[in-house]
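Reproduced below: structure.tsv, with TSV, C-alpha atoms (C1' of nucleotides).
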chain	number	residue	atom	x	y	z
M	1	MET	CA	-22.46	-0.54	6.63
M	2	ARG	CA	-18.93	-1.87	6.90
M	3	ILE	CA	-15.96	-0.06	5.35
M	4	ALA	CA	-12.45	-1.46	5.28
M	5	THR	CA	-9.01	-0.60	4.00
M	6	TRP	CA	-6.15	-3.00	3.39
M	7	ASN	CA	-2.71	-2.71	1.85
M	8	VAL	CA	-2.56	-6.24	0.43
M	9	ASN	CA	1.03	-6.15	-0.93
M	10	SER	CA	0.01	-7.68	-4.28
M	11	LEU	CA	-3.63	-8.47	-4.99
M	12	LYS	CA	-2.68	-11.55	-7.01
M	13	ALA	CA	-0.33	-12.98	-4.37
M	14	ARG	CA	-2.95	-12.25	-1.70
M	15	LEU	CA	-6.06	-13.44	-3.52
M	16	GLU	CA	-6.61	-16.61	-1.48
M	17	LYS	CA	-6.10	-14.69	1.78
M	18	LEU	CA	-8.35	-11.89	0.54
M	19	VAL	CA	-11.19	-14.28	-0.30
M	20	TRP	CA	-10.87	-15.87	3.14
M	21	TRP	CA	-10.92	-12.45	4.81
M	22	VAL	CA	-13.78	-10.99	2.77
M	23	GLU	CA	-16.00	-14.02	3.46
M	24	ARG	CA	-15.15	-13.72	7.15
M	25	THR	CA	-15.52	-9.94	7.47
M	26	ASN	CA	-18.07	-8.99	4.79
M	27	PRO	CA	-17.12	-5.38	4.10
M	28	ASP	CA	-19.53	-3.38	1.95
M	29	VAL	CA	-16.79	-1.10	0.67
M	30	LEU	CA	-13.16	-2.25	0.61
M	31	LEU	CA	-10.26	0.08	-0.21
M	32	LEU	CA	-7.16	-1.73	-1.46
M	33	GLN	CA	-3.57	-0.58	-1.88
M	34	GLU	CA	-0.43	-2.01	-3.44
M	35	THR	CA	-2.43	-4.22	-5.78
M	36	LYS	CA	0.64	-4.34	-8.07
M	37	CYS	CA	-1.75	-5.17	-10.92
M	38	THR	CA	-2.45	-3.58	-14.26
M	39	ASP	CA	-6.09	-2.60	-14.79
M	40	ALA	CA	-6.39	-5.51	-17.25
M	41	GLY	CA	-4.68	-7.92	-14.85
M	42	ALA	CA	-6.80	-7.11	-11.78
M	43	PRO	CA	-8.82	-10.16	-10.58
M	44	ARG	CA	-12.25	-8.67	-11.35
M	45	GLU	CA	-13.94	-12.04	-11.81
M	46	ALA	CA	-12.81	-13.36	-8.42
M	47	LEU	CA	-14.16	-10.24	-6.70
M	48	PHE	CA	-17.33	-10.28	-8.80
M	49	SER	CA	-18.04	-13.84	-7.68
M	50	LEU	CA	-17.75	-12.58	-4.08
M	51	GLY	CA	-20.32	-9.92	-4.91
M	52	TYR	CA	-18.09	-6.91	-5.58
M	53	GLU	CA	-17.59	-4.44	-8.36
M	54	LEU	CA	-14.02	-3.23	-8.73
M	55	ALA	CA	-12.61	0.17	-9.64
M	56	HIS	CA	-8.91	-0.41	-10.23
M	57	HIS	CA	-6.07	1.98	-11.02
M	58	GLY	CA	-2.66	0.51	-11.64
M	59	SER	CA	0.19	0.01	-14.06
M	60	GLY	CA	1.59	-3.25	-12.67
M	61	GLY	CA	4.85	-3.82	-10.86
M	62	ARG	CA	4.48	-1.50	-7.89
M	63	ASN	CA	1.74	0.64	-6.35
M	64	GLY	CA	-1.82	0.23	-7.65
M	65	VAL	CA	-5.03	1.11	-5.78
M	66	ALA	CA	-8.61	-0.10	-5.97
M	67	ILE	CA	-12.09	0.13	-4.51
M	68	ALA	CA	-14.27	-2.97	-4.25
M	69	SER	CA	-17.93	-2.39	-3.43
M	70	ARG	CA	-21.14	-4.37	-3.12
M	71	THR	CA	-23.03	-1.43	-4.64
M	72	PRO	CA	-22.34	0.20	-8.03
M	73	LEU	CA	-19.27	2.42	-8.39
M	74	THR	CA	-19.84	5.67	-10.26
M	75	ALA	CA	-17.88	8.86	-11.00
M	76	ILE	CA	-14.57	6.97	-10.85
M	77	GLU	CA	-11.66	9.43	-10.69
M	78	THR	CA	-8.00	8.36	-10.89
M	79	ASN	CA	-4.76	10.20	-10.17
M	80	PHE	CA	-6.32	13.50	-9.04
M	81	GLY	CA	-8.42	13.56	-12.20
M	82	GLU	CA	-5.33	13.81	-14.38
M	83	PRO	CA	-3.90	11.25	-16.83
M	84	LEU	CA	-1.05	9.20	-15.39
M	85	ALA	CA	2.30	10.02	-16.99
M	86	PRO	CA	3.82	7.08	-18.89
M	87	ARG	CA	5.99	4.88	-16.73
M	88	THR	CA	9.68	5.73	-17.21
M	89	ALA	CA	11.17	2.40	-16.15
M	90	THR	CA	14.30	3.02	-14.09
M	91	ALA	CA	14.10	2.56	-10.35
M	92	SER	CA	15.74	5.89	-9.66
M	93	ASP	CA	12.94	7.72	-11.48
M	94	ASP	CA	10.89	8.45	-8.43
M	95	ASP	CA	7.88	10.57	-9.33
M	96	PRO	CA	4.92	9.59	-7.15
M	97	LEU	CA	2.63	11.86	-9.15
M	98	ALA	CA	3.29	9.60	-12.16
M	99	GLU	CA	2.38	6.49	-10.14
M	100	ALA	CA	-1.02	4.91	-9.47
M	101	ARG	CA	-1.67	6.07	-5.89
M	102	ILE	CA	-5.24	7.36	-5.74
M	103	VAL	CA	-8.64	6.28	-7.00
M	104	ALA	CA	-12.00	7.75	-5.97
M	105	ALA	CA	-15.55	6.59	-6.61
M	106	THR	CA	-19.06	7.23	-5.42
M	107	THR	CA	-20.69	4.17	-3.88
M	108	ALA	CA	-23.22	3.36	-1.17
M	109	GLY	CA	-23.91	7.07	-0.69
M	110	LEU	CA	-20.25	7.76	0.09
M	111	ARG	CA	-17.40	9.37	-1.79
M	112	ALA	CA	-14.79	6.67	-1.27
M	113	VAL	CA	-11.10	7.33	-1.90
M	114	SER	CA	-8.30	4.75	-1.77
M	115	VAL	CA	-4.81	6.20	-1.38
M	116	TYR	CA	-1.31	4.77	-1.24
M	117	ALA	CA	1.05	7.51	-0.08
M	118	PRO	CA	4.71	7.31	-1.13
M	119	ASN	CA	7.09	5.70	1.36
M	120	GLY	CA	9.71	8.45	1.40
M	121	ARG	CA	12.58	6.03	2.14
M	122	VAL	CA	15.00	8.32	3.98
M	123	VAL	CA	14.39	11.78	5.48
M	124	GLY	CA	15.97	14.54	3.42
M	125	THR	CA	16.29	12.54	0.18
M	126	ALA	CA	14.56	13.20	-3.14
M	127	PRO	CA	11.90	10.49	-2.47
M	128	TYR	CA	11.17	12.12	0.90
M	129	PHE	CA	10.53	15.54	-0.64
M	130	ALA	CA	8.53	13.85	-3.41
M	131	LYS	CA	6.36	12.32	-0.67
M	132	LEU	CA	5.73	15.78	0.80
M	133	ASP	CA	4.93	17.10	-2.69
M	134	TRP	CA	2.45	14.27	-3.18
M	135	TYR	CA	0.78	15.18	0.13
M	136	GLU	CA	0.59	18.80	-1.01
M	137	ARG	CA	-1.19	17.62	-4.15
M	138	LEU	CA	-3.55	15.42	-2.10
M	139	SER	CA	-4.41	18.34	0.20
M	140	ARG	CA	-5.17	20.66	-2.71
M	141	TRP	CA	-7.36	17.93	-4.22
M	142	LEU	CA	-9.15	17.45	-0.89
M	143	GLU	CA	-9.61	21.18	-0.39
M	144	ALA	CA	-11.42	21.33	-3.76
M	145	THR	CA	-14.00	18.90	-2.34
M	146	PRO	CA	-17.23	20.44	-0.95
M	147	LYS	CA	-17.33	20.18	2.85
M	148	GLU	CA	-20.67	18.40	2.93
M	149	THR	CA	-19.31	15.46	0.91
M	150	PRO	CA	-19.64	12.17	2.85
M	151	LEU	CA	-15.99	11.44	2.27
M	152	VAL	CA	-14.10	8.30	3.24
M	153	LEU	CA	-10.40	8.85	2.53
M	154	GLY	CA	-8.65	5.65	3.42
M	155	GLY	CA	-5.52	3.70	2.75
M	156	ASP	CA	-1.83	3.44	3.48
M	157	PHE	CA	-0.74	6.97	4.38
M	158	ASN	CA	2.80	5.92	5.32
M	159	VAL	CA	2.58	8.36	8.25
M	160	ALA	CA	2.28	7.50	11.94
M	161	PRO	CA	0.40	10.58	13.15
M	162	THR	CA	1.75	10.71	16.73
M	163	ASP	CA	4.33	9.00	18.94
M	164	ASP	CA	1.49	6.82	20.26
M	165	ASP	CA	1.31	5.28	16.80
M	166	VAL	CA	4.80	3.72	16.82
M	167	TRP	CA	6.32	0.94	18.88
M	168	ASP	CA	9.19	3.10	20.13
M	169	ALA	CA	9.31	6.80	19.39
M	170	ARG	CA	12.99	6.96	20.24
M	171	ALA	CA	13.88	4.10	17.90
M	172	CYS	CA	11.86	5.76	15.13
M	173	HIS	CA	13.35	9.21	15.67
M	174	GLY	CA	15.04	10.52	12.52
M	175	GLY	CA	13.21	8.09	10.24
M	176	THR	CA	10.43	8.58	7.76
M	177	HIS	CA	6.73	8.13	8.70
M	178	VAL	CA	7.24	10.10	11.95
M	179	SER	CA	9.03	13.30	10.87
M	180	GLU	CA	7.33	16.58	11.69
M	181	PRO	CA	6.82	17.65	8.04
M	182	GLU	CA	5.11	14.31	7.30
M	183	ARG	CA	2.92	14.63	10.37
M	184	ALA	CA	2.08	18.22	9.43
M	185	ALA	CA	1.05	17.01	5.96
M	186	PHE	CA	-1.21	14.42	7.61
M	187	ARG	CA	-2.71	17.01	9.99
M	188	ARG	CA	-3.58	19.20	7.01
M	189	LEU	CA	-6.00	16.44	5.93
M	190	LEU	CA	-7.60	16.55	9.38
M	191	ALA	CA	-7.81	20.36	9.14
M	192	TRP	CA	-10.26	19.94	6.24
M	193	GLY	CA	-12.52	18.27	8.80
M	194	LEU	CA	-11.62	14.63	8.38
M	195	VAL	CA	-11.72	12.43	11.47
M	196	ASP	CA	-9.38	9.53	12.24
M	197	ALA	CA	-12.12	6.90	12.60
M	198	TYR	CA	-9.94	4.39	14.45
M	199	ARG	CA	-8.83	6.90	17.09
M	200	ARG	CA	-12.46	7.96	17.61
M	201	HIS	CA	-13.03	4.52	19.13
M	202	HIS	CA	-9.57	3.57	20.35
M	203	PRO	CA	-7.39	5.96	22.36
M	204	GLU	CA	-5.02	3.21	23.45
M	205	ARG	CA	-1.39	2.86	22.41
M	206	GLU	CA	0.37	-0.14	20.84
M	207	ARG	CA	-2.23	-0.59	18.10
M	208	TYR	CA	-0.55	-0.88	14.71
M	209	THR	CA	-1.50	-1.72	11.13
M	210	TRP	CA	1.95	-2.53	9.72
M	211	TRP	CA	4.83	-4.69	10.90
M	212	ASP	CA	8.00	-5.44	8.93
M	213	TYR	CA	8.16	-9.02	7.69
M	214	ARG	CA	11.64	-9.38	9.13
M	215	ALA	CA	12.98	-10.08	12.58
M	216	GLY	CA	9.71	-11.36	14.00
M	217	ASP	CA	8.45	-7.78	14.25
M	218	PHE	CA	4.80	-8.83	14.16
M	219	HIS	CA	5.15	-11.26	17.04
M	220	ARG	CA	7.05	-8.66	19.10
M	221	ASN	CA	4.45	-6.01	18.08
M	222	VAL	CA	7.18	-3.82	16.61
M	223	GLY	CA	4.92	-1.87	14.27
M	224	MET	CA	3.36	1.40	13.23
M	225	ARG	CA	-0.19	2.67	12.72
M	226	ILE	CA	0.14	4.02	9.18
M	227	ASP	CA	-3.12	2.82	7.58
M	228	HIS	CA	-6.10	5.02	8.29
M	229	LEU	CA	-9.74	5.63	7.50
M	230	LEU	CA	-10.23	9.39	7.55
M	231	VAL	CA	-13.91	10.26	7.35
M	232	ALA	CA	-16.01	13.40	6.99
M	233	PRO	CA	-17.77	14.60	10.19
M	234	ALA	CA	-21.16	13.30	9.03
M	235	VAL	CA	-19.62	9.86	8.50
M	236	ALA	CA	-17.72	9.96	11.79
M	237	GLU	CA	-20.96	10.63	13.68
M	238	ARG	CA	-22.33	7.38	12.29
M	239	SER	CA	-19.30	5.24	13.13
M	240	VAL	CA	-20.04	2.72	15.86
M	241	PHE	CA	-17.07	0.35	15.70
M	242	ALA	CA	-13.48	0.31	14.50
M	243	GLU	CA	-10.91	-2.46	14.61
M	244	ILE	CA	-7.59	-3.54	13.18
M	245	ASP	CA	-7.83	-7.19	12.20
M	246	ARG	CA	-4.52	-8.69	13.36
M	247	GLU	CA	-5.76	-12.18	12.43
M	248	ALA	CA	-5.27	-11.31	8.77
M	249	ARG	CA	-1.58	-10.59	9.42
M	250	LYS	CA	-0.98	-14.17	10.61
M	251	GLY	CA	-0.42	-17.66	9.23
M	252	ARG	CA	-0.67	-19.15	5.77
M	253	PRO	CA	-1.02	-18.46	2.98
M	254	THR	CA	1.55	-15.71	3.43
M	255	PRO	CA	-0.06	-12.54	4.80
M	256	SER	CA	0.49	-8.96	3.71
M	257	ASP	CA	2.78	-6.93	5.99
M	258	HIS	CA	-0.28	-4.76	6.71
M	259	ALA	CA	-3.43	-5.68	8.64
M	260	PRO	CA	-6.84	-4.51	7.42
M	261	LEU	CA	-8.69	-1.74	9.25
M	262	VAL	CA	-12.48	-1.96	9.58
M	263	VAL	CA	-15.05	0.70	10.49
M	264	ASP	CA	-18.79	0.11	10.91
M	265	LEU	CA	-21.36	2.84	10.26
M	266	ASP	CA	-24.87	2.90	11.64
M	267	THR	CA	-26.93	3.55	8.53
M	268	SER	CA	-30.33	3.14	10.14
M	269	GLY	CA	-32.67	6.12	10.36
M	270	ARG	CA	-32.33	8.95	7.88
M	271	PRO	CA	-30.75	8.14	4.52
M	272	PHE	CA	-27.02	8.20	4.77
M	273	ASP	CA	-26.67	10.39	1.70
M	274	ALA	CA	-28.90	13.21	2.94
M	275	GLY	CA	-27.52	16.43	1.52
M	276	TRP	CA	-25.21	14.57	-0.84
M	277	SER	CA	-27.48	14.66	-3.85
M	278	GLY	CA	-25.86	16.58	-6.70
M	279	ALA	CA	-22.48	16.75	-4.96
M	280	GLU	CA	-20.72	14.75	-7.72
M	281	GLU	CA	-21.44	17.62	-10.07
M	282	ARG	CA	-20.27	20.17	-7.49
M	283	ILE	CA	-17.04	18.24	-6.94
M	284	ALA	CA	-16.41	18.07	-10.69
M	285	ALA	CA	-17.03	21.79	-11.07
M	286	ARG	CA	-14.68	22.69	-8.21
M	287	ARG	CA	-11.93	20.43	-9.50
M	288	GLN	CA	-12.31	22.06	-12.91
M	289	SER	CA	-11.91	25.55	-11.45
M	290	ALA	CA	-9.04	24.41	-9.17
M	291	ARG	CA	-7.09	23.30	-12.25
M	292	LYS	CA	-7.23	26.77	-13.79
J	1	DA	C1'	20.87	-10.28	12.78
J	2	DT	C1'	20.51	-6.30	6.91
J	3	DG	C1'	16.50	-11.92	9.77
J	4	DT	C1'	10.99	-11.38	4.48
J	5	DC	C1'	8.18	-10.95	0.70
J	6	DC	C1'	7.01	-9.45	-4.00
J	7	DC	C1'	8.00	-7.96	-8.70
J	8	DA	C1'	10.40	-7.49	-13.21
J	9	DG	C1'	13.89	-8.94	-15.98
J	10	DT	C1'	18.87	-10.32	-16.49
J	11	DC	C1'	14.28	-15.24	-16.14
J	12	DT	C1'	14.80	-21.61	-11.79
J	13	DC	C1'	18.52	-16.42	-9.95
J	14	DT	C1'	19.43	-11.33	-8.98
J	15	DG	C1'	18.52	-6.60	-7.59
J	16	DG	C1'	15.35	-3.09	-6.03
J	17	DG	C1'	11.66	-1.55	-3.09
J	18	DA	C1'	9.10	-1.78	1.03
Please express the file's structure as structure tokens.
Amino acid sequence: MRIATWNVNSLKARLEKLVWWVERTNPDVLLLQETKCTDAGAPREALFSLGYELAHHGSGGRNGVAIASRTPLTAIETNFGEPLAPRTATASDDDPLAEARIVAATTAGLRAVSVYAPNGRVVGTAPYFAKLDWYERLSRWLEATPKETPLVLGGDFNVAPTDDDVWDARACHGGTHVSEPERAAFRRLLAWGLVDAYRRHHPERERYTWWDYRAGDFHRNVGMRIDHLLVAPAVAERSVFAEIDREARKGRPTPSDHAPLVVDLDTSGRPFDAGWSGAEERIAARRQSARK
DNA sequence: ATGTCCCAGTCTCTGGGA
């Protein structure tokens, strides 16, 4: 089974590139971020004709997350199971918890979650603390998930977990994505038991998933590894391959500023969802009690 | 090089966000 995550920087603007990439890569489950679509405006038909169902969560403009899968999507949960607050228009209104940044669904025996963490802009500003608050909310949501859940929490985390995940730690010092509080928030996800699937297969440095469009950053490999597939231990044990597809960051039509990340699972042998039966109900019950 | 791309609205350009 092939799982992928990709911040596409507009699903509509990227549709031709996405079709090319999906036909080339054939993921079974694809997590998408920054779709910038409304639920009604999401290109469901185009994905359906490629063989995918789509669970989409977005209000248009910015943000927006989705899960495309070759197998049915059930128990779809958006925004931490809470209704999204109405959009309040002005750019200075920065409330990530009112934005479409998380969608979860059960598919292919997995609990798949697509996240788009806030950017944070500048350390010490209101958007930065809002980013940390959003991570706090994500951790509480995660910690209400039973440990045996075959979880795949993937997306654009907007955090480079270590200095090995940035092109130049000194140049990045003092900026967002690398600050200690952001890295601590990321490590709290790992403390639940999640495994960084890419690092399980690739210890090397200079492997990034995002490069700024400007200044030829991609061609100079001035980037950061901020997109991740974090998987439960039972999923990690089955992972046999991980790669960042730099080809998708090149050429025309215009690429996203992020490259997709792919992980392959060996699903031969015992059923992948062993022990997972009934867990949707257990998750729902724990979320209910966590809200009280 | 603060050098690109995408979106919404002010709508064939501009400002904001990443």
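Residue list for chain M within 7 Å of chain J: Gly61, Tyr213, Arg214 and Ala215 of chain M, counting all atoms listed in the file.
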What does the file look like for those residues with C-alpha atoms, as a PDB file, keeping the file's coordinate frame?
ATOM      1  CA  GLY M  61       4.850  -3.820 -10.860  1.00  0.00           C
ATOM      2  CA  TYR M 213       8.160  -9.020   7.690  1.00  0.00           C
ATOM      3  CA  ARG M 214      11.640  -9.380   9.130  1.00  0.00           C
ATOM      4  CA  ALA M 215      12.980 -10.080  12.580  1.00  0.00           C
TER       5      ALA M 215
END
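From atom CA of M:Ala232 back to atom CA of M:Thr162, the distance works out to 20.4 Å.
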Worksheet entry | Who sits within 12 Å of M:Gly124, all atoms listed in the file, same chain under 2 positions skipped, as an MDAnalysis selection string | chainID M and resid 120:122 126:132 174:176 179 181:182
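Taking atom CA of M:Trp134 and atom CA of M:Gly154 as endpoints, the distance between them is 15.5 Å.
For the atom pair formed by atom CA of M:Ala75 and atom CA of M:Arg287, the distance is 13.1 Å, given to one decimal.
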Discussion item. Taking 3 positions as the minimum chain separation for residues in the same chain, which residues sit within 7 Å of M:Ala234 when counting all atoms listed in the file? Answer as a ChimeraX atom specification.
Written reply: /M:150,237-238
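Residue nearest M:Glu204 within the list M:Asp217, M:Ile226, M:Tyr116, M:Val166: M:Val166 [criterion: smallest interatomic distance, all atoms listed in the file].
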